[in-house]
file entry16.cif (mmCIF, C-alpha atoms and all ligand atoms)
data_input
loop_
_atom_site.label_atom_id
_atom_site.label_comp_id
_atom_site.auth_asym_id
_atom_site.auth_seq_id
_atom_site.Cartn_x
_atom_site.Cartn_y
_atom_site.Cartn_z
CA MET A 1 13.91 -16.06 11.92
CA MET A 2 15.33 -17.33 8.63
CA PRO A 3 12.62 -18.67 6.31
CA GLU A 4 12.83 -22.26 5.13
CA ALA A 5 14.26 -22.74 1.64
CA ILE A 6 11.56 -22.74 -1.04
CA THR A 7 10.22 -26.22 -1.84
CA ALA A 8 9.58 -27.42 -5.41
CA ASN A 9 5.83 -27.19 -4.89
CA GLU A 10 5.97 -23.68 -3.38
CA PHE A 11 8.13 -22.56 -6.29
CA LYS A 12 5.60 -23.92 -8.79
CA LEU A 13 2.68 -22.19 -7.04
CA LEU A 14 4.43 -18.82 -6.81
CA ARG A 15 5.88 -19.10 -10.32
CA ASP A 16 2.40 -19.70 -11.77
CA LEU A 17 0.95 -16.80 -9.79
CA ILE A 18 3.70 -14.45 -11.00
CA GLU A 19 3.26 -15.55 -14.61
CA LYS A 20 -0.50 -15.01 -14.33
CA TRP A 21 0.00 -11.52 -12.91
CA CYS A 22 2.80 -10.17 -15.08
CA GLY A 23 3.70 -12.70 -17.76
CA ILE A 24 7.18 -13.30 -16.37
CA ALA A 25 7.94 -16.97 -17.03
CA LEU A 26 10.47 -18.44 -14.63
CA GLY A 27 12.20 -21.73 -15.43
CA ASN A 28 13.10 -24.18 -12.64
CA GLU A 29 16.61 -22.75 -12.52
CA LYS A 30 15.07 -19.44 -11.35
CA ALA A 31 13.73 -20.76 -8.03
CA TYR A 32 16.46 -18.73 -6.33
CA LEU A 33 14.97 -15.54 -7.81
CA ILE A 34 11.63 -16.13 -6.15
CA GLU A 35 13.39 -17.11 -2.95
CA THR A 36 15.63 -14.06 -2.77
CA ARG A 37 13.31 -11.42 -4.17
CA LEU A 38 10.30 -12.37 -2.06
CA MET A 39 12.12 -13.07 1.19
CA GLY A 40 11.80 -9.48 2.47
CA LEU A 41 8.07 -9.31 1.68
CA MET A 42 7.53 -12.64 3.36
CA ALA A 43 9.15 -11.36 6.54
CA GLU A 44 7.20 -8.09 6.31
CA HIS A 45 3.95 -10.05 6.20
CA GLY A 46 4.88 -12.40 9.02
CA CYS A 47 5.02 -15.54 6.86
CA ALA A 48 7.42 -18.26 7.98
CA ASP A 49 7.50 -20.12 4.68
CA TYR A 50 6.76 -19.60 0.99
CA GLY A 51 3.61 -21.74 1.17
CA SER A 52 1.92 -19.42 3.65
CA PHE A 53 3.13 -16.42 1.66
CA TYR A 54 1.58 -17.91 -1.50
CA ARG A 55 -1.73 -18.44 0.33
CA LEU A 56 -1.68 -14.85 1.58
CA ALA A 57 -0.78 -13.45 -1.86
CA SER A 58 -3.36 -15.48 -3.76
CA ARG A 59 -6.27 -14.66 -1.44
CA ASP A 60 -5.29 -11.04 -0.66
CA ALA A 61 -7.95 -8.96 -2.37
CA SER A 62 -6.02 -5.67 -2.10
CA PRO A 63 -3.83 -4.76 -5.04
CA LEU A 64 -1.14 -3.58 -2.63
CA LEU A 65 0.56 -6.92 -1.96
CA ARG A 66 0.20 -7.87 -5.59
CA ASP A 67 1.91 -4.61 -6.61
CA LYS A 68 4.71 -5.24 -4.13
CA ILE A 69 5.25 -8.74 -5.50
CA VAL A 70 5.24 -7.48 -9.10
CA ASP A 71 7.69 -4.76 -8.08
CA ALA A 72 9.95 -7.31 -6.45
CA MET A 73 9.84 -9.73 -9.38
CA THR A 74 10.35 -7.26 -12.24
CA THR A 75 13.84 -6.25 -13.30
CA ASN A 76 13.85 -2.50 -13.86
CA GLU A 77 17.41 -2.24 -15.20
CA THR A 78 17.64 0.57 -17.74
CA LEU A 79 19.88 3.43 -18.81
CA TRP A 80 19.91 6.55 -20.91
CA PHE A 81 20.21 6.13 -24.68
CA ARG A 82 20.58 2.37 -24.08
CA ASP A 83 22.52 0.71 -26.92
CA GLY A 84 22.87 4.00 -28.81
CA HIS A 85 21.66 2.81 -32.20
CA PRO A 86 17.89 2.91 -31.51
CA PHE A 87 18.22 6.66 -31.02
CA GLU A 88 20.39 6.99 -34.16
CA ILE A 89 17.68 5.09 -36.05
CA LEU A 90 15.07 7.44 -34.61
CA LYS A 91 17.04 10.55 -35.57
CA ASP A 92 18.35 9.45 -38.99
CA LYS A 93 15.57 7.21 -40.33
CA LEU A 94 12.25 7.54 -38.54
CA LEU A 95 11.95 11.20 -37.58
CA PRO A 96 12.88 12.57 -41.04
CA ASP A 97 10.02 10.66 -42.74
CA LEU A 98 7.53 11.57 -40.03
CA ALA A 99 8.70 15.19 -40.06
CA ARG A 100 8.01 15.40 -43.80
CA GLU A 101 4.45 14.24 -43.13
CA LEU A 102 4.03 16.85 -40.42
CA VAL A 103 5.45 19.66 -42.51
CA ALA A 104 3.28 18.66 -45.49
CA GLY A 105 0.24 18.84 -43.22
CA ASN A 106 -0.61 15.16 -43.83
CA ARG A 107 -0.17 14.45 -40.13
CA PHE A 108 -0.75 16.53 -37.04
CA ARG A 109 0.73 14.38 -34.33
CA ILE A 110 3.30 11.61 -33.99
CA ARG A 111 2.81 9.05 -31.23
CA ILE A 112 5.61 6.92 -29.80
CA TRP A 113 5.20 4.17 -27.23
CA SER A 114 7.87 3.03 -24.80
CA GLY A 115 6.20 -0.23 -23.84
CA ALA A 116 8.31 -1.21 -20.82
CA SER A 117 9.45 2.21 -19.76
CA SER A 118 10.82 1.23 -16.34
CA THR A 119 12.03 4.37 -14.54
CA GLY A 120 11.68 6.59 -17.61
CA GLN A 121 15.14 6.60 -19.16
CA GLU A 122 13.95 5.20 -22.52
CA ALA A 123 10.98 7.58 -22.86
CA TYR A 124 13.05 10.60 -21.85
CA SER A 125 15.91 9.58 -24.18
CA ILE A 126 13.32 9.57 -26.99
CA ALA A 127 12.13 13.00 -25.77
CA MET A 128 15.67 14.41 -25.83
CA THR A 129 16.22 13.01 -29.34
CA ILE A 130 13.01 14.71 -30.49
CA LEU A 131 13.96 18.02 -28.85
CA GLU A 132 17.36 17.94 -30.51
CA TYR A 133 15.73 17.09 -33.83
CA CYS A 134 13.22 19.93 -33.53
CA ARG A 135 16.00 22.35 -32.69
CA ALA A 136 17.88 21.30 -35.85
CA ASN A 137 14.69 21.48 -37.95
CA PRO A 138 12.90 24.72 -37.07
CA GLY A 139 9.77 23.80 -39.07
CA LEU A 140 8.94 21.24 -36.38
CA ARG A 141 7.54 21.74 -32.89
CA PRO A 142 7.97 19.37 -29.91
CA ASP A 143 4.23 19.59 -29.21
CA GLN A 144 3.65 17.67 -32.43
CA PHE A 145 5.10 14.62 -30.68
CA GLU A 146 3.67 12.53 -27.88
CA ILE A 147 5.47 9.77 -25.98
CA LEU A 148 3.58 7.26 -23.87
CA GLY A 149 5.61 5.28 -21.35
CA THR A 150 3.96 2.25 -19.78
CA ASP A 151 5.11 -0.31 -17.27
CA ILE A 152 3.60 -2.76 -14.83
CA SER A 153 5.84 -1.78 -11.91
CA PRO A 154 4.25 0.91 -9.72
CA SER A 155 7.55 2.03 -8.18
CA ALA A 156 9.23 2.32 -11.60
CA LEU A 157 6.28 4.42 -12.84
CA PHE A 158 6.52 6.66 -9.79
CA LEU A 159 10.18 7.39 -10.52
CA ALA A 160 9.48 7.90 -14.23
CA ARG A 161 6.68 10.39 -13.58
CA ASN A 162 8.81 12.35 -11.15
CA ALA A 163 11.82 12.42 -13.47
CA ARG A 164 14.17 12.95 -10.53
CA TYR A 165 17.43 11.03 -10.69
CA ASP A 166 20.51 10.88 -8.54
CA GLU A 167 23.96 11.49 -9.95
CA ALA A 168 24.70 7.75 -10.28
CA ALA A 169 21.49 7.03 -12.25
CA LEU A 170 22.05 10.04 -14.46
CA ALA A 171 25.64 9.11 -15.23
CA ARG A 172 24.53 5.79 -16.77
CA GLY A 173 24.46 6.75 -20.42
CA LEU A 174 23.86 10.49 -20.22
CA GLY A 175 26.73 12.78 -21.19
CA VAL A 176 27.43 15.97 -19.26
CA GLU A 177 26.33 18.14 -22.18
CA ARG A 178 22.86 16.57 -22.38
CA ARG A 179 22.60 16.50 -18.61
CA ASN A 180 23.24 20.25 -18.39
CA ARG A 181 20.93 21.01 -21.27
CA PHE A 182 17.95 18.85 -20.28
CA PHE A 183 18.17 18.61 -16.47
CA HIS A 184 18.59 20.99 -13.56
CA PRO A 185 19.94 20.22 -10.10
CA GLU A 186 17.73 20.36 -7.01
CA GLY A 187 20.05 19.66 -4.10
CA ARG A 188 21.68 16.29 -4.80
CA VAL A 189 19.07 15.30 -7.36
CA TRP A 190 18.82 16.10 -11.07
CA VAL A 191 15.34 16.88 -12.38
CA ALA A 192 14.28 16.74 -16.02
CA ASN A 193 13.37 20.15 -17.39
CA ASP A 194 9.73 20.80 -18.26
CA GLU A 195 10.36 20.59 -22.01
CA VAL A 196 11.52 16.98 -21.54
CA LYS A 197 8.85 15.99 -19.03
CA GLN A 198 6.03 17.53 -21.06
CA LEU A 199 6.75 15.23 -24.00
CA ALA A 200 6.14 12.03 -22.04
CA THR A 201 3.26 10.71 -20.00
CA PHE A 202 3.32 7.47 -18.05
CA ARG A 203 0.64 4.99 -17.25
CA LYS A 204 0.38 1.58 -15.69
CA PHE A 205 -0.16 -1.10 -18.28
CA ASN A 206 0.25 -4.86 -18.27
CA LEU A 207 1.57 -6.12 -21.61
CA GLN A 208 -0.62 -9.20 -21.22
CA ASP A 209 -3.73 -7.03 -21.60
CA PRO A 210 -5.36 -6.07 -24.93
CA LEU A 211 -3.34 -3.26 -26.49
CA GLU A 212 -6.19 -1.48 -28.32
CA PRO A 213 -7.04 0.95 -25.50
CA LEU A 214 -3.58 2.50 -25.93
CA GLY A 215 -4.50 3.83 -29.38
CA HIS A 216 -2.34 3.92 -32.50
CA PHE A 217 1.38 4.58 -32.67
CA ASP A 218 3.94 5.51 -35.30
CA ILE A 219 6.86 3.98 -33.43
CA VAL A 220 6.97 1.40 -30.66
CA PHE A 221 10.01 0.74 -28.48
CA LEU A 222 9.64 -2.60 -26.74
CA ARG A 223 13.04 -3.50 -25.41
CA TYR A 224 14.47 -5.87 -22.83
CA VAL A 225 11.08 -7.12 -21.68
CA SER A 226 10.00 -9.93 -24.04
CA ILE A 227 13.03 -11.87 -22.77
CA TYR A 228 11.00 -12.60 -19.64
CA PHE A 229 7.90 -13.83 -21.48
CA SER A 230 6.74 -17.19 -22.88
CA GLU A 231 6.62 -17.70 -26.68
CA PRO A 232 2.79 -17.49 -26.82
CA LEU A 233 2.82 -14.18 -24.94
CA LYS A 234 5.52 -12.80 -27.26
CA GLN A 235 3.43 -13.84 -30.27
CA GLN A 236 0.36 -12.16 -28.80
CA ILE A 237 2.22 -8.92 -28.05
CA TYR A 238 3.99 -8.56 -31.41
CA ALA A 239 0.77 -9.33 -33.29
CA GLY A 240 -1.02 -6.76 -31.12
CA ILE A 241 1.64 -4.13 -31.84
CA ALA A 242 1.31 -4.74 -35.59
CA ASN A 243 -2.38 -3.83 -35.24
CA LEU A 244 -1.58 -0.67 -33.29
CA LEU A 245 1.10 0.58 -35.64
CA ALA A 246 0.16 3.12 -38.28
CA PRO A 247 0.75 1.84 -41.87
CA SER A 248 4.51 1.41 -42.22
CA GLY A 249 4.98 2.13 -38.53
CA HIS A 250 8.14 0.89 -36.85
CA LEU A 251 9.05 -1.36 -33.96
CA ILE A 252 12.36 -1.25 -32.13
CA ILE A 253 13.41 -4.22 -30.01
CA SER A 254 16.78 -4.98 -28.40
CA ALA A 255 19.59 -7.03 -29.87
CA VAL A 256 18.89 -9.84 -27.41
CA GLU A 257 15.29 -10.15 -28.63
CA SER A 258 14.12 -11.53 -31.94
CA LEU A 259 10.96 -11.79 -34.02
CA ARG A 260 12.21 -14.89 -35.84
CA GLY A 261 9.62 -17.63 -35.54
CA ILE A 262 7.46 -15.30 -33.44
CA SER A 263 5.93 -12.86 -35.91
CA ASP A 264 5.97 -12.41 -39.68
CA ALA A 265 4.14 -9.07 -39.53
CA TYR A 266 7.37 -7.07 -39.86
CA THR A 267 10.33 -6.67 -42.16
CA GLN A 268 13.78 -6.20 -40.67
CA LEU A 269 15.88 -3.13 -41.55
CA SER A 270 19.23 -2.00 -40.26
CA HIS A 271 21.03 1.24 -39.58
CA ALA A 272 23.90 2.42 -37.38
CA GLY A 273 24.83 -1.16 -36.49
CA GLY A 274 21.38 -2.01 -35.19
CA SER A 275 18.08 -3.46 -36.39
CA TYR A 276 14.60 -2.07 -36.49
CA TYR A 277 11.37 -3.42 -37.94
CA ARG A 278 8.78 -1.99 -40.31
CA CYS A 279 5.25 -3.27 -40.05
CA LEU A 280 4.12 -4.96 -43.26
CA PRO A 281 0.74 -4.01 -44.74
CA SER A 282 -1.87 -6.46 -43.47
C1 LIG B 1 14.70 -4.44 -18.03
S1 LIG B 1 13.42 -3.22 -18.00
C2 LIG B 1 13.56 -2.52 -19.62
C3 LIG B 1 13.47 -1.01 -19.62
C4 LIG B 1 13.67 -0.32 -20.96
N1 LIG B 1 12.75 -0.78 -21.96
C5 LIG B 1 15.08 -0.47 -21.46
O1 LIG B 1 15.29 -1.10 -22.48
O2 LIG B 1 15.99 0.05 -20.82
C6 LIG B 1 11.97 -4.25 -18.15
C7 LIG B 1 10.71 -3.56 -17.68
O3 LIG B 1 9.58 -4.36 -18.10
C8 LIG B 1 8.57 -4.23 -17.12
N2 LIG B 1 7.62 -5.36 -17.25
C9 LIG B 1 7.80 -6.65 -16.94
N3 LIG B 1 6.68 -7.35 -17.17
C10 LIG B 1 5.77 -6.48 -17.66
C11 LIG B 1 4.42 -6.58 -18.10
N4 LIG B 1 3.76 -7.76 -18.08
N5 LIG B 1 3.79 -5.48 -18.54
C12 LIG B 1 4.43 -4.29 -18.57
N6 LIG B 1 5.71 -4.11 -18.16
C13 LIG B 1 6.37 -5.20 -17.72
C14 LIG B 1 9.35 -4.23 -15.81
O4 LIG B 1 8.60 -3.67 -14.76
C15 LIG B 1 10.59 -3.43 -16.17
O5 LIG B 1 10.47 -2.08 -15.80
#
call {"tool": "encode", "arguments": {"input": "entry16.cif", "output": "C-alpha cells"}}
result
Amino acid sequence: MMPEAITANEFKLLRDLIEKWCGIALGNEKAYLIETRLMGLMAEHGCADYGSFYRLASRDASPLLRDKIVDAMTTNETLWFRDGHPFEILKDKLLPDLARELVAGNRFRIRIWSGASSTGQEAYSIAMTILEYCRANPGLRPDQFEILGTDISPSALFLARNARYDEAALARGLGVERRNRFFHPEGRVWVANDEVKQLATFRKFNLQDPLEPLGHFDIVFLRYVSIYFSEPLKQQIYAGIANLLAPSGHLIISAVESLRGISDAYTQLSHAGGSYYRCLPS
C-alpha cells in the first residue's frame, strides 16, 4: 500500500522532531526529503501515514527507532582526502608546529577531532597523513597522535569502526599507492591496516550536546555538517569548539561553510588554495 503524501502539518511535526534529535533544520522545500527517506521505515512499522509514524516515533521509548530515523535523515556522503587542501594544510602547516612541540618535549600527545566523521574516511585520511609525516620525520611516532571520530549516525559509526570498504568506496579519493600501503584485501573488501585503525577511535556524539566531555583538541575538522544546522546551533558549536581548542589550536571547515557572522573566536588563514582557522586567545 502506497502511503499518503505528507501533509503540511505532518511535515512540521516530523521536521521539529528531527531538529530536536539531531539539529538538522529542514526548510519547507525539504518536505520531500522526509517523505522519501522515512517511507521505508513507515512501511516497516506498519504505519499508513506520516501522522501515525510521527506518533509512534515520538512516544517510542526505545532508542532503536530514533536511531533508524536519524540514520535515514543524515547524509553520510564523504570521501578520502576530501577537497585535498585540508590534508595539505595539516601536513605543511599544522603538523610541523605540533611536531616541534613534541620533539622539544613540551607536549606528549596531539589530539585531533573529526567531528562528523561519517563512515571514517576523514579520520582515516588524517591518520594516513600523520603516518606519512612520521615516516618522513623519524623523530616522531604515530602513538604521539590520537584521532577521535564522532558522529550521530549509528550505521556510519559501525562502518567507521570496522574500517572495511568495498572497491567503489575506496576508489573515491584514494589513490592506488595509498590503498596498497594502508589497506589489505580480504576477499572483495579492503580493510585498513592496524597502523591506520589504531590511530583513530570512534564514538557516538550529538553535536547539539555540550562538547566539554570530549576533552581538549589541537585540531578540529568539522566539515560538511554545519550546512544542515540552524544559525543558533552553528554559533553554539563554533563557540564550544573555541573552548575545546588548545591555545592557538586550529579548526578546519569546508569551503561551503563559513564563520562569517557566526563566530569571531577565530582568525582565517589560507594555504594550498584552502582556508583554515586559528583560535584567537580568549
Ligand atoms: C556529509 S557527512 C560529512 C562527513 C565528513 N566530515 C566529510 O567532510 O566528508 C555529515 C555527517 O554529519 C553527521 N551529523 C549530522 N548531524 C549530526 C549531529 N547533530 N551530531 C553529530 N553528527 C551529525 C551525519 O551523520 C553525517 O555522517
call {"tool": "closest_residue", "arguments": {"input": "entry16.cif", "among": "A:Ala265, A:Ala72, A:Ile89, A:Leu13", "to": "ligand LIG 1 (chain B)", "atoms": "only C-alpha atoms and all ligand atoms"}}
result
A:Ala72
call {"tool": "residues_near_ligand", "arguments": {"input": "entry16.cif", "ligand": "ligand LIG 1 (chain B)", "cutoff": "10 Å", "atoms": "all atoms listed in the file", "output": "JSON list (two decimals) with C-alpha atoms, keeping the file's coordinate frame"}}
result
[["chain", "number", "residue", "atom", "x", "y", "z"],
["A", 18, "ILE", "CA", 3.70, -14.45, -11.00],
["A", 19, "GLU", "CA", 3.26, -15.55, -14.61],
["A", 20, "LYS", "CA", -0.50, -15.01, -14.33],
["A", 21, "TRP", "CA", 0.00, -11.52, -12.91],
["A", 22, "CYS", "CA", 2.80, -10.17, -15.08],
["A", 23, "GLY", "CA", 3.70, -12.70, -17.76],
["A", 24, "ILE", "CA", 7.18, -13.30, -16.37],
["A", 25, "ALA", "CA", 7.94, -16.97, -17.03],
["A", 70, "VAL", "CA", 5.24, -7.48, -9.10],
["A", 71, "ASP", "CA", 7.69, -4.76, -8.08],
["A", 72, "ALA", "CA", 9.95, -7.31, -6.45],
["A", 73, "MET", "CA", 9.84, -9.73, -9.38],
["A", 74, "THR", "CA", 10.35, -7.26, -12.24],
["A", 75, "THR", "CA", 13.84, -6.25, -13.30],
["A", 76, "ASN", "CA", 13.85, -2.50, -13.86],
["A", 77, "GLU", "CA", 17.41, -2.24, -15.20],
["A", 78, "THR", "CA", 17.64, 0.57, -17.74],
["A", 79, "LEU", "CA", 19.88, 3.43, -18.81],
["A", 80, "TRP", "CA", 19.91, 6.55, -20.91],
["A", 81, "PHE", "CA", 20.21, 6.13, -24.68],
["A", 82, "ARG", "CA", 20.58, 2.37, -24.08],
["A", 83, "ASP", "CA", 22.52, 0.71, -26.92],
["A", 114, "SER", "CA", 7.87, 3.03, -24.80],
["A", 115, "GLY", "CA", 6.20, -0.23, -23.84],
["A", 116, "ALA", "CA", 8.31, -1.21, -20.82],
["A", 117, "SER", "CA", 9.45, 2.21, -19.76],
["A", 118, "SER", "CA", 10.82, 1.23, -16.34],
["A", 119, "THR", "CA", 12.03, 4.37, -14.54],
["A", 120, "GLY", "CA", 11.68, 6.59, -17.61],
["A", 121, "GLN", "CA", 15.14, 6.60, -19.16],
["A", 122, "GLU", "CA", 13.95, 5.20, -22.52],
["A", 123, "ALA", "CA", 10.98, 7.58, -22.86],
["A", 149, "GLY", "CA", 5.61, 5.28, -21.35],
["A", 150, "THR", "CA", 3.96, 2.25, -19.78],
["A", 151, "ASP", "CA", 5.11, -0.31, -17.27],
["A", 152, "ILE", "CA", 3.60, -2.76, -14.83],
["A", 153, "SER", "CA", 5.84, -1.78, -11.91],
["A", 154, "PRO", "CA", 4.25, 0.91, -9.72],
["A", 155, "SER", "CA", 7.55, 2.03, -8.18],
["A", 156, "ALA", "CA", 9.23, 2.32, -11.60],
["A", 157, "LEU", "CA", 6.28, 4.42, -12.84],
["A", 204, "LYS", "CA", 0.38, 1.58, -15.69],
["A", 205, "PHE", "CA", -0.16, -1.10, -18.28],
["A", 206, "ASN", "CA", 0.25, -4.86, -18.27],
["A", 207, "LEU", "CA", 1.57, -6.12, -21.61],
["A", 208, "GLN", "CA", -0.62, -9.20, -21.22],
["A", 209, "ASP", "CA", -3.73, -7.03, -21.60],
["A", 221, "PHE", "CA", 10.01, 0.74, -28.48],
["A", 222, "LEU", "CA", 9.64, -2.60, -26.74],
["A", 223, "ARG", "CA", 13.04, -3.50, -25.41],
["A", 224, "TYR", "CA", 14.47, -5.87, -22.83],
["A", 225, "VAL", "CA", 11.08, -7.12, -21.68],
["A", 226, "SER", "CA", 10.00, -9.93, -24.04],
["A", 227, "ILE", "CA", 13.03, -11.87, -22.77],
["A", 228, "TYR", "CA", 11.00, -12.60, -19.64],
["A", 229, "PHE", "CA", 7.90, -13.83, -21.48],
["A", 233, "LEU", "CA", 2.82, -14.18, -24.94],
["A", 253, "ILE", "CA", 13.41, -4.22, -30.01],
["A", 254, "SER", "CA", 16.78, -4.98, -28.40]]
call {"tool": "closest_residue", "arguments": {"input": "entry16.cif", "among": "A:Gly215, A:Pro142, A:Gly240, A:Pro247", "to": "Val196 (chain A)", "atoms": "only C-alpha atoms"}}
result
A:Pro142
call {"tool": "atom_distance", "arguments": {"input": "entry16.cif", "atom1": "CA of Leu211 (chain A)", "atom2": "CA of Val256 (chain A)"}}
result
23.2 Å
call {"tool": "atom_distance", "arguments": {"input": "entry16.cif", "atom1": "CA of Leu41 (chain A)", "atom2": "CA of Asp67 (chain A)"}}
result
11.3 Å
call {"tool": "atom_distance", "arguments": {"input": "entry16.cif", "atom1": "CA of Leu170 (chain A)", "atom2": "CA of Leu148 (chain A)"}}
result
20.9 Å
call {"tool": "closest_residue", "arguments": {"input": "entry16.cif", "among": "A:Gly187, A:Pro86, A:Gly27, A:Pro232", "to": "Ser275 (chain A)", "atoms": "all atoms listed in the file"}}
result
A:Pro86
call {"tool": "closest_residue", "arguments": {"input": "entry16.cif", "among": "A:Leu26, A:Leu90, A:Ala31, A:Ala5", "to": "Asp49 (chain A)", "atoms": "only C-alpha atoms"}}
result
A:Ala5
call {"tool": "closest_residue", "arguments": {"input": "entry16.cif", "among": "A:Lys91, A:Leu98, A:Tyr165, A:Arg107", "to": "Ile130 (chain A)", "atoms": "only C-alpha atoms"}}
result
A:Lys91
call {"tool": "residues_around", "arguments": {"input": "entry16.cif", "residues": "Val189 (chain A)", "least_positions_apart": "6", "cutoff": "7 Å", "atoms": "all atoms listed in the file", "output": "list in words"}}
result
Arg164, Tyr165, Asp166 and Glu167 of chain A
call {"tool": "write_last_selection", "arguments": {"input": "entry16.cif", "atoms": "C-alpha atoms", "output": "compact mmCIF listing (two decimals), in the coordinates of the input"}}
result
# COMPACT_ATOMS: atom_id res chain seq x y z
CA ARG A 164 14.17 12.95 -10.53
CA TYR A 165 17.43 11.03 -10.69
CA ASP A 166 20.51 10.88 -8.54
CA GLU A 167 23.96 11.49 -9.95
call {"tool": "residues_around", "arguments": {"input": "entry16.cif", "residues": "Leu245 (chain A)", "least_positions_apart": "6", "cutoff": "10 Å", "atoms": "only C-alpha atoms", "output": "PyMOL selection string"}}
result
chain A and resi 111-112+215-220+251+278-280
call {"tool": "axis_aligned_box", "arguments": {"input": "entry16.cif", "around": "region 262-271 of chain A", "padding_each_side": "5 Å", "output": "JSON"}}
result
{"center_x": 12.6, "center_y": -7.0, "center_z": -37.8, "size_x": 26.9, "size_y": 26.5, "size_z": 18.7}
call {"tool": "closest_residue", "arguments": {"input": "entry16.cif", "among": "A:Phe108, A:Ala246, A:Gln198, A:Gln235", "to": "Met128 (chain A)", "atoms": "all atoms listed in the file"}}
result
A:Gln198
call {"tool": "residues_near_point", "arguments": {"input": "entry16.cif", "point": "(18.8, 19.9, -15.1)", "cutoff": "7 Å", "atoms": "all atoms listed in the file", "output": "list in words"}}
result
Arg179, Asn180, Arg181, Phe182, Phe183, His184, Pro185, Trp190, Val191, Ala192 and Asn193 of chain A
call {"tool": "residues_around", "arguments": {"input": "entry16.cif", "residues": "Gly274 (chain A)", "least_positions_apart": "4", "cutoff": "8 Å", "atoms": "all atoms listed in the file", "output": "ChimeraX atom specification"}}
result
/A:85-86,255,270
call {"tool": "decode", "arguments": {"input": "entry16.cif", "residues": "region 61-66 of chain A", "atoms": "all heavy atoms", "output": "mmCIF file, in the first residue's frame"}}
result
data_model
loop_
_atom_site.group_PDB
_atom_site.id
_atom_site.type_symbol
_atom_site.label_atom_id
_atom_site.label_comp_id
_atom_site.auth_asym_id
_atom_site.auth_seq_id
_atom_site.Cartn_x
_atom_site.Cartn_y
_atom_site.Cartn_z
ATOM 1 N N ALA A 61 9.795 4.621 23.317
ATOM 2 C CA ALA A 61 10.821 4.879 24.326
ATOM 3 C C ALA A 61 12.165 4.271 23.928
ATOM 4 O O ALA A 61 13.205 4.689 24.420
ATOM 5 C CB ALA A 61 10.371 4.316 25.666
ATOM 6 N N SER A 62 12.158 3.274 23.021
ATOM 7 C CA SER A 62 13.425 2.617 22.689
ATOM 8 C C SER A 62 14.240 3.506 21.751
ATOM 9 O O SER A 62 13.684 4.173 20.879
ATOM 10 C CB SER A 62 13.162 1.271 22.021
ATOM 11 O OG SER A 62 12.921 1.477 20.656
ATOM 12 N N PRO A 63 15.550 3.493 21.935
ATOM 13 C CA PRO A 63 16.367 4.343 21.054
ATOM 14 C C PRO A 63 16.458 3.778 19.635
ATOM 15 O O PRO A 63 16.943 4.441 18.734
ATOM 16 C CB PRO A 63 17.742 4.337 21.732
ATOM 17 C CG PRO A 63 17.763 3.130 22.606
ATOM 18 C CD PRO A 63 16.354 2.761 22.921
ATOM 19 N N LEU A 64 15.948 2.550 19.438
ATOM 20 C CA LEU A 64 16.152 1.900 18.151
ATOM 21 C C LEU A 64 15.491 2.644 16.982
ATOM 22 O O LEU A 64 16.125 2.931 15.974
ATOM 23 C CB LEU A 64 15.599 0.475 18.231
ATOM 24 C CG LEU A 64 16.219 -0.492 17.241
ATOM 25 C CD1 LEU A 64 17.707 -0.645 17.488
ATOM 26 C CD2 LEU A 64 15.512 -1.839 17.314
ATOM 27 N N LEU A 65 14.207 2.997 17.157
ATOM 28 C CA LEU A 65 13.509 3.682 16.076
ATOM 29 C C LEU A 65 14.114 5.075 15.869
ATOM 30 O O LEU A 65 14.300 5.520 14.739
ATOM 31 C CB LEU A 65 12.005 3.777 16.375
ATOM 32 C CG LEU A 65 11.176 4.486 15.313
ATOM 33 C CD1 LEU A 65 11.334 3.825 13.945
ATOM 34 C CD2 LEU A 65 9.698 4.529 15.710
ATOM 35 N N ARG A 66 14.450 5.692 16.979
ATOM 36 C CA ARG A 66 15.077 7.021 16.884
ATOM 37 C C ARG A 66 16.383 6.925 16.085
ATOM 38 O O ARG A 66 16.631 7.731 15.186
ATOM 39 C CB ARG A 66 15.342 7.522 18.308
ATOM 40 C CG ARG A 66 16.046 8.837 18.363
ATOM 41 C CD ARG A 66 16.140 9.297 19.797
ATOM 42 N NE ARG A 66 17.121 10.347 19.893
ATOM 43 C CZ ARG A 66 17.127 11.259 20.842
ATOM 44 N NH1 ARG A 66 16.217 11.263 21.771
ATOM 45 N NH2 ARG A 66 18.053 12.180 20.857
#
